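Everything below concerns the one structure shown next.
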Amino acid sequence: MLQLYFSPMACSLASRIALMEAGIEARYHRADLWTKKVVEDGSDFLSISPKGAVPVLVLENGEKLTENAAVLQYIADLRPESALAPRPGDPDRYRLQEWLSFVGCEIHKAFLFPTFWYKDDAAKAAARERIGKSLSVAADHLAHRDHLVGKGFTVADAYLAWSLLLLGRGGVDVAQWPPLADYLQRMQERSPVRSAIDHEMQLRKVMARQVQNP
Ligand SMILES: N[C@@H](CCC(=O)N[C@@H](CS)C(=O)NCC(=O)O)C(=O)O
């Protein structure tokens with residue numbers, strides 16, 4: 001069985017969404033991204049992946065795959081019938097990779113990562129200042145279409161939906177871009193997306209209670 005190392009509401013949520021959309025069962029292991037420990041047994045997360053970051057997907061043969069773009073495409077290709085990615089060779093496959101890169105580099109790493117992980121307020125403010133350009137690009141693209149690529153939901157939508165969900169926590173209101181706010185709403189109406197978010201929000205609440213009452 002596949003195994004996913006994740007942290008509640010981190011970018012690994014996109015992989016959980018993809019697994020649920022594809023109807024693939026997996027074992028989930030929570031990683032504490034601050035202590036770099038695996039929560040269930042206190043083992044060293046860095047020995048699972050020296051990058052110390054989620055997602056990490058452990059494949060059936062024991063190999064470990066990291067990086068959102070690779071993990072998401074791997075999951076999609078396990079169930080081609082779910083159409084979570086255009087098939088290799090289809091020109092839209094490059095559109096998918098284009099969006100996975102854009103979300104990963106220009107929204108996730110350029111904005112969400114600094115606003116959550118950096119201590120420096122000036123760096124956070126600079127990231128907030130710059131993110132509008134990328135969000136406008138995505139908003140223009142989605143103004144007259146329901147999904148990022150082709151006519152249906154793909155793993156690129158899973159990744160963008162996660163990043164939009166977290167915008168507010170980074171201090172940016174998605175409502176400034178109505179096409180993005182509508183898109184996020186539509187994405188959250190999908191049952192696998194909703195279930196994945198609800199599950200991880202619940203885990204976060206439990207985490208918060210544990211911090212208050214150790
Ligand atoms: N380039 C990586 C970035 C993954 C990443 O930044 N994950 C964050 C959570 S959203 C993380 O685990 N951060 C902990 C750290 O970098 O120490 C990817 O696309 O998978």
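By order of appearance in the structure tokens: chains A, B, ..., then residues from 1 within every chain, and ligands from 1 in the order shown.
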Throw together the list of residues within 6 Å of ligand 1, counting only C-alpha atoms and all ligand atoms, and drop it here as a list in words.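 The neighbouring residues of ligand 1 are, in order, Ala10, Cys11, Leu33, Gly52, Ala53, Val54, Pro55, Thr66, Glu67, Asn68 and Gly104 of chain A.
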Each stretch 14-43 of chain A residue no farther than 7 Å from stretch 173-193 of chain A, nearest pair in Å, only C-alpha atoms, as CSV:
```
residue,atom,partner,partner_atom,distance
A:Ile17,CA,A:Val193,CA,5.5
A:Met20,CA,A:Pro192,CA,5.5
A:Glu21,CA,A:Pro192,CA,5.6
```
Calculate how many Å separate atom CA of A:Leu203 from atom CA of A:Val103, rounding to one decimal. 24.8 Å
Between A:Ala69, A:Ile131, A:Leu2, A:Leu57, which residue has the minimum interatomic distance to A:Val172, considering only C-alpha atoms?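 Using only C-alpha atoms, A:Val172 sits closest to A:Ile131.
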A:Ala127, A:Ile48, A:Ile24, A:Ala85 ranked by distance to A:Lys109, top pick (using only C-alpha atoms):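 Once distances to A:Lys109 are computed over only C-alpha atoms, the minimum belongs to A:Ala127.
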Using only C-alpha atoms, pick whichever of A:Lys205, A:Arg87, A:Arg130, A:His108 has the shortest atom-to-atom distance to A:Gly150.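 Residue with the minimum atom-to-atom distance to A:Gly150: A:Arg87.
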Just to confirm, what's the straight-line distance from atom CA of A:Ser12 to atom CA of A:Arg93 in Å (one decimal)?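 Atom-to-atom, atom CA of A:Ser12 and atom CA of A:Arg93 are spaced 21.4 Å apart.
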Residue nearest A:Pro114 - candidates A:Pro80, A:Gly23, A:Gly132, A:Gly171, atoms counted: only C-alpha atoms: A:Gly171
Based on the backbone DSSP call, show me all residues of stretch 57-168 of chain A assigned strand (DSSP E or B), as a PyMOL selection string. chain A and resi 57-58+64-66
Could you turn the residues from that selection into a file that holds C-alpha atoms, as a PDB file, in the first residue's frame?
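Wrote it out as part-v6.pdb, contents follow:
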```pdb
ATOM      1  CA  LEU A  57       5.124   9.292  -0.966  1.00  0.00           C
ATOM      2  CA  VAL A  58       6.427   5.801  -0.238  1.00  0.00           C
ATOM      3  CA  LYS A  64      10.361   7.400  -1.789  1.00  0.00           C
ATOM      4  CA  LEU A  65       9.112  10.151  -4.034  1.00  0.00           C
ATOM      5  CA  THR A  66       9.154  13.824  -3.029  1.00  0.00           C
TER       6      THR A  66
END
```
Among stretch 19-130 of chain A, which residues does DSSP mark as helix (DSSP H, G or I) when it is run on the backbone? Keep the chain and numbering as in the structure and answer as a ChimeraX atom specification. /A:19-22,45-48,68-78,80-82,92-117,121-130
Considering only C-alpha atoms, return as a PyMOL selection string whatever protein or nucleic-acid residues lie within 10 Å of A:Ala123, sequence-local ones (same chain, fewer than 6 positions apart) excluded. chain A and resi 111+114-115+129
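The coordinates place atom CA of A:Pro88 at 17.2 Å from atom CA of A:Leu148.
Using only C-alpha atoms, the contacts of A:Pro86 at a cut-off of 10 Å, with sequence neighbours closer than 4 positions omitted, comprise Gln73, Ala76, Asp77, Pro80, Asp90, Pro91, Asp92, Arg93, Tyr94, Arg95, Leu96, Val149, Gly150, Gly152, Thr154 and Val155 of chain A.
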From A:Ser82, A:Lys133, A:Phe102, A:Ala14, residue lying nearest A:Ala161 [only C-alpha atoms]: A:Ala14
